[in-house]
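The structure file work28.tsv is reproduced below (TSV, C-alpha atoms).
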chain	number	residue	atom	x	y	z
A	1	ASN	CA	3.16	-24.53	-16.55
A	2	GLU	CA	4.40	-21.01	-16.20
A	3	ALA	CA	7.62	-20.46	-14.27
A	4	GLU	CA	7.05	-18.61	-11.02
A	5	MET	CA	9.34	-15.81	-9.99
A	6	GLN	CA	10.64	-15.90	-6.45
A	7	LEU	CA	10.93	-12.35	-5.15
A	8	PRO	CA	14.12	-11.47	-3.30
A	9	PRO	CA	13.88	-10.80	0.43
A	10	VAL	CA	13.68	-7.35	1.95
A	11	HIS	CA	15.24	-6.50	5.28
A	12	GLY	CA	13.37	-4.46	7.82
A	13	ASN	CA	11.42	-4.44	11.02
A	14	ARG	CA	8.90	-7.24	10.53
A	15	VAL	CA	6.35	-5.83	13.00
A	16	GLN	CA	6.46	-2.35	11.49
A	17	LEU	CA	6.11	-3.64	7.93
A	18	GLN	CA	3.25	-5.93	8.97
A	19	GLN	CA	1.57	-2.89	10.56
A	20	VAL	CA	1.84	-0.97	7.26
A	21	LEU	CA	0.25	-3.82	5.32
A	22	LEU	CA	-2.45	-4.39	7.94
A	23	ASN	CA	-3.36	-0.69	8.03
A	24	LEU	CA	-3.66	-0.52	4.22
A	25	ILE	CA	-5.83	-3.67	4.19
A	26	VAL	CA	-8.13	-2.37	6.96
A	27	ASN	CA	-8.46	0.97	5.16
A	28	ALA	CA	-9.35	-0.85	1.93
A	29	ILE	CA	-11.99	-2.93	3.70
A	30	ASP	CA	-13.43	0.19	5.35
A	31	ALA	CA	-13.58	1.96	1.98
A	32	MET	CA	-15.69	-0.91	0.62
A	33	ALA	CA	-18.13	-1.03	3.55
A	34	LYS	CA	-20.95	0.24	1.35
A	35	GLY	CA	-21.50	-0.64	-2.26
A	36	GLU	CA	-20.56	-3.37	-4.66
A	37	PRO	CA	-18.42	-4.95	-5.92
A	38	ARG	CA	-16.09	-5.53	-2.97
A	39	VAL	CA	-12.75	-6.62	-4.37
A	40	LEU	CA	-9.55	-6.39	-2.33
A	41	GLY	CA	-6.30	-7.08	-4.17
A	42	ILE	CA	-2.84	-7.56	-2.70
A	43	ARG	CA	0.12	-7.93	-5.01
A	44	SER	CA	3.90	-7.90	-4.74
A	45	GLU	CA	6.29	-7.64	-7.65
A	46	LEU	CA	9.83	-6.73	-8.59
A	47	HIS	CA	10.16	-2.99	-9.23
A	48	GLU	CA	13.12	-1.19	-10.82
A	49	ASN	CA	15.45	-4.22	-10.35
A	50	ASP	CA	16.34	-3.46	-6.72
A	51	ARG	CA	12.94	-2.96	-5.08
A	52	ILE	CA	9.79	-4.84	-4.29
A	53	LYS	CA	6.51	-3.02	-4.89
A	54	VAL	CA	3.51	-4.01	-2.79
A	55	SER	CA	0.05	-2.91	-3.94
A	56	VAL	CA	-3.20	-2.96	-1.97
A	57	SER	CA	-6.19	-2.18	-4.18
A	58	ASP	CA	-9.87	-1.85	-3.43
A	59	THR	CA	-13.11	-1.10	-5.24
A	60	GLY	CA	-14.31	1.30	-2.56
A	61	VAL	CA	-15.36	4.92	-2.61
A	62	GLY	CA	-11.95	6.21	-3.64
A	63	ILE	CA	-10.21	9.36	-2.46
A	64	ARG	CA	-11.85	12.67	-3.25
A	65	ARG	CA	-9.75	14.96	-5.43
A	66	GLN	CA	-9.85	17.71	-2.77
A	67	ASP	CA	-8.43	15.28	-0.17
A	68	ALA	CA	-5.60	13.87	-2.32
A	69	ASP	CA	-2.94	16.26	-1.00
A	70	ARG	CA	-3.92	15.69	2.65
A	71	VAL	CA	-4.26	11.89	2.83
A	72	PHE	CA	-0.84	11.40	4.44
A	73	ASN	CA	-1.10	14.39	6.80
A	74	PRO	CA	-1.28	13.59	10.51
A	75	LEU	CA	-4.78	14.05	11.95
A	76	PHE	CA	-6.48	14.02	8.53
A	77	THR	CA	-9.24	11.43	8.33
A	78	ASN	CA	-12.47	10.86	6.45
A	79	LYS	CA	-13.61	8.15	8.87
A	80	PRO	CA	-16.13	9.12	11.56
A	81	ASP	CA	-14.12	7.24	14.21
A	82	GLY	CA	-10.65	7.67	12.69
A	83	MET	CA	-7.70	9.36	14.34
A	84	GLY	CA	-5.94	10.28	11.11
A	85	MET	CA	-2.62	8.78	12.11
A	86	GLY	CA	-2.56	5.49	10.17
A	87	LEU	CA	-1.38	6.65	6.76
A	88	SER	CA	1.11	9.19	8.12
A	89	ILE	CA	2.63	6.48	10.34
A	90	CYS	CA	2.66	4.05	7.39
A	91	ARG	CA	4.51	6.56	5.24
A	92	ALA	CA	7.04	7.25	8.01
A	93	ILE	CA	7.69	3.52	8.47
A	94	VAL	CA	8.12	2.89	4.73
A	95	GLU	CA	10.41	5.92	4.34
A	96	ALA	CA	12.48	4.77	7.35
A	97	HIS	CA	13.00	1.54	5.38
A	98	ASP	CA	14.30	3.54	2.37
A	99	GLY	CA	11.02	3.13	0.51
A	100	ALA	CA	8.14	5.22	-0.76
A	101	LEU	CA	4.35	5.07	-0.23
A	102	TRP	CA	1.80	6.58	-2.62
A	103	PHE	CA	-1.67	6.01	-4.03
A	104	ALA	CA	-3.48	6.19	-7.34
A	105	PRO	CA	-7.06	5.68	-8.52
A	106	ASN	CA	-8.08	2.08	-9.13
A	107	GLU	CA	-9.99	1.62	-12.37
A	108	PRO	CA	-12.93	1.60	-12.69
A	109	GLN	CA	-13.38	2.53	-8.98
A	110	GLY	CA	-11.50	2.60	-5.72
A	111	THR	CA	-7.90	3.25	-4.78
A	112	VAL	CA	-4.55	1.48	-5.03
A	113	PHE	CA	-1.98	2.15	-2.31
A	114	GLN	CA	1.54	1.11	-3.25
A	115	PHE	CA	4.84	1.05	-1.44
A	116	THR	CA	8.35	0.04	-2.32
A	117	LEU	CA	11.07	-1.57	-0.24
A	118	ARG	CA	14.71	-2.15	-1.19
A	119	THR	CA	15.65	-5.77	-1.88
A	120	HIS	CA	18.76	-7.65	-0.94
A	121	GLY	CA	19.83	-10.07	-3.65
A	122	ALA	CA	18.64	-10.85	-7.14
A	123	PRO	CA	15.39	-12.67	-7.92
A	124	ALA	CA	15.64	-16.38	-8.55
A	125	VAL	CA	13.41	-17.97	-11.19
A	126	ALA	CA	11.99	-21.42	-10.41
A	127	ALA	CA	11.58	-23.86	-13.30
Write out the structure in this file as structure tokens.
Amino acid sequence: NEAEMQLPPVHGNRVQLQQVLLNLIVNAIDAMAKGEPRVLGIRSELHENDRIKVSVSDTGVGIRRQDADRVFNPLFTNKPDGMGMGLSICRAIVEAHDGALWFAPNEPQGTVFQFTLRTHGAPAVAA
């Protein structure tokens, strides 16, 4: 059996942080509405010793190169019924928690959104 690492807690507004995660998950699901395969991944891990990094990956359509600089802008959307506020609000929430939010291509297709939050305490390793 492999030892599992217990991640240290983060402190923040639970409702706001849940909203960030929910928005990223809904966006990932929307991005995979057409096409196959449909794989949604959610991962958390220790990052740079004092942060937790959360990743939400999908195998959807990805973000077009020409849209990459505008994804976090208020009112920018590529959804027919979108308001374009979700990702800008997510970024503001994460930054208010002393974190960062960014994205990268998922290989071989899709997108990975990642954010970091500061931890409080050191990770404990379970035997």
Would you mind telling me which residue in A:Met5, A:Val71, A:Val26, A:Leu17 lies nearest to Ala104 in chain A when using all atoms listed in the file?
A:Val71
Near Ile25 in chain A, counting all atoms listed in the file, which residues have an atom at most 10 Å away, once you skip same-chain residues fewer than 5 positions from it, shown as a PDB file with C-alpha atoms, in the frame of the given file?
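Generated output (out_13.pdb):
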ATOM      1  CA  GLN A  19       1.570  -2.890  10.560  1.00  0.00           C
ATOM      2  CA  VAL A  20       1.840  -0.970   7.260  1.00  0.00           C
ATOM      3  CA  ASP A  30     -13.430   0.190   5.350  1.00  0.00           C
ATOM      4  CA  ALA A  31     -13.580   1.960   1.980  1.00  0.00           C
ATOM      5  CA  LEU A  40      -9.550  -6.390  -2.330  1.00  0.00           C
ATOM      6  CA  GLY A  41      -6.300  -7.080  -4.170  1.00  0.00           C
ATOM      7  CA  ILE A  42      -2.840  -7.560  -2.700  1.00  0.00           C
ATOM      8  CA  VAL A  56      -3.200  -2.960  -1.970  1.00  0.00           C
ATOM      9  CA  SER A  57      -6.190  -2.180  -4.180  1.00  0.00           C
ATOM     10  CA  ASP A  58      -9.870  -1.850  -3.430  1.00  0.00           C
ATOM     11  CA  PHE A 113      -1.980   2.150  -2.310  1.00  0.00           C
TER      12      PHE A 113
END
Could you check how far CA of His11 in chain A sits from CA of Phe72 in chain A, in Å to one decimal?
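For CA of His11 in chain A relative to CA of Phe72 in chain A, the distance reads 24.1 Å.
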Which residue of A:Lys34, A:Arg43, A:His97, A:His120 approaches Gly12 in chain A most closely, using all atoms listed in the file:
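Ranked by minimum distance to Gly12 in chain A, first place goes to A:His97.
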Tell me which of A:Ile93, A:Leu117, A:Leu87, A:Leu101 sits closest to Val15 in chain A, counting all atoms listed in the file.
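Among the listed residues, the smallest separation from Val15 in chain A belongs to A:Ile93.
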Considering all atoms listed in the file, can you say which of A:Asn23, A:Asn73, A:Thr59, A:Ser44 comes closest to Gly86 in chain A?
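Of the candidates, the smallest distance to Gly86 in chain A is held by A:Asn23.
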For a test of reading the model, state the distance in Å between CA of Gln109 in chain A and CA of Gln66 in chain A, rounded to one decimal.
16.8 Å
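Put simply, CA of Ser88 in chain A is 11.5 Å away from CA of Leu24 in chain A.
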Taking only C-alpha atoms into account, which of A:Ala92, A:Ile52, A:Ala68, A:Val39 comes nearest Glu107 in chain A?
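Smallest distance to Glu107 in chain A is found for A:Val39.
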For Ala33 in chain A, which residue among A:Arg118, A:Ile89, A:Val112, A:Gly62 is the nearest when counting all atoms listed in the file?
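Nearest candidate to Ala33 in chain A out of A:Arg118, A:Ile89, A:Val112, A:Gly62: A:Gly62.
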Centre and edges of the range 5-21 of chain A box, axis-aligned, 6 Å extra per side, as JSON:
{"center_x": 7.7, "center_y": -8.4, "center_z": 1.5, "size_x": 27.0, "size_y": 26.9, "size_z": 35.0}
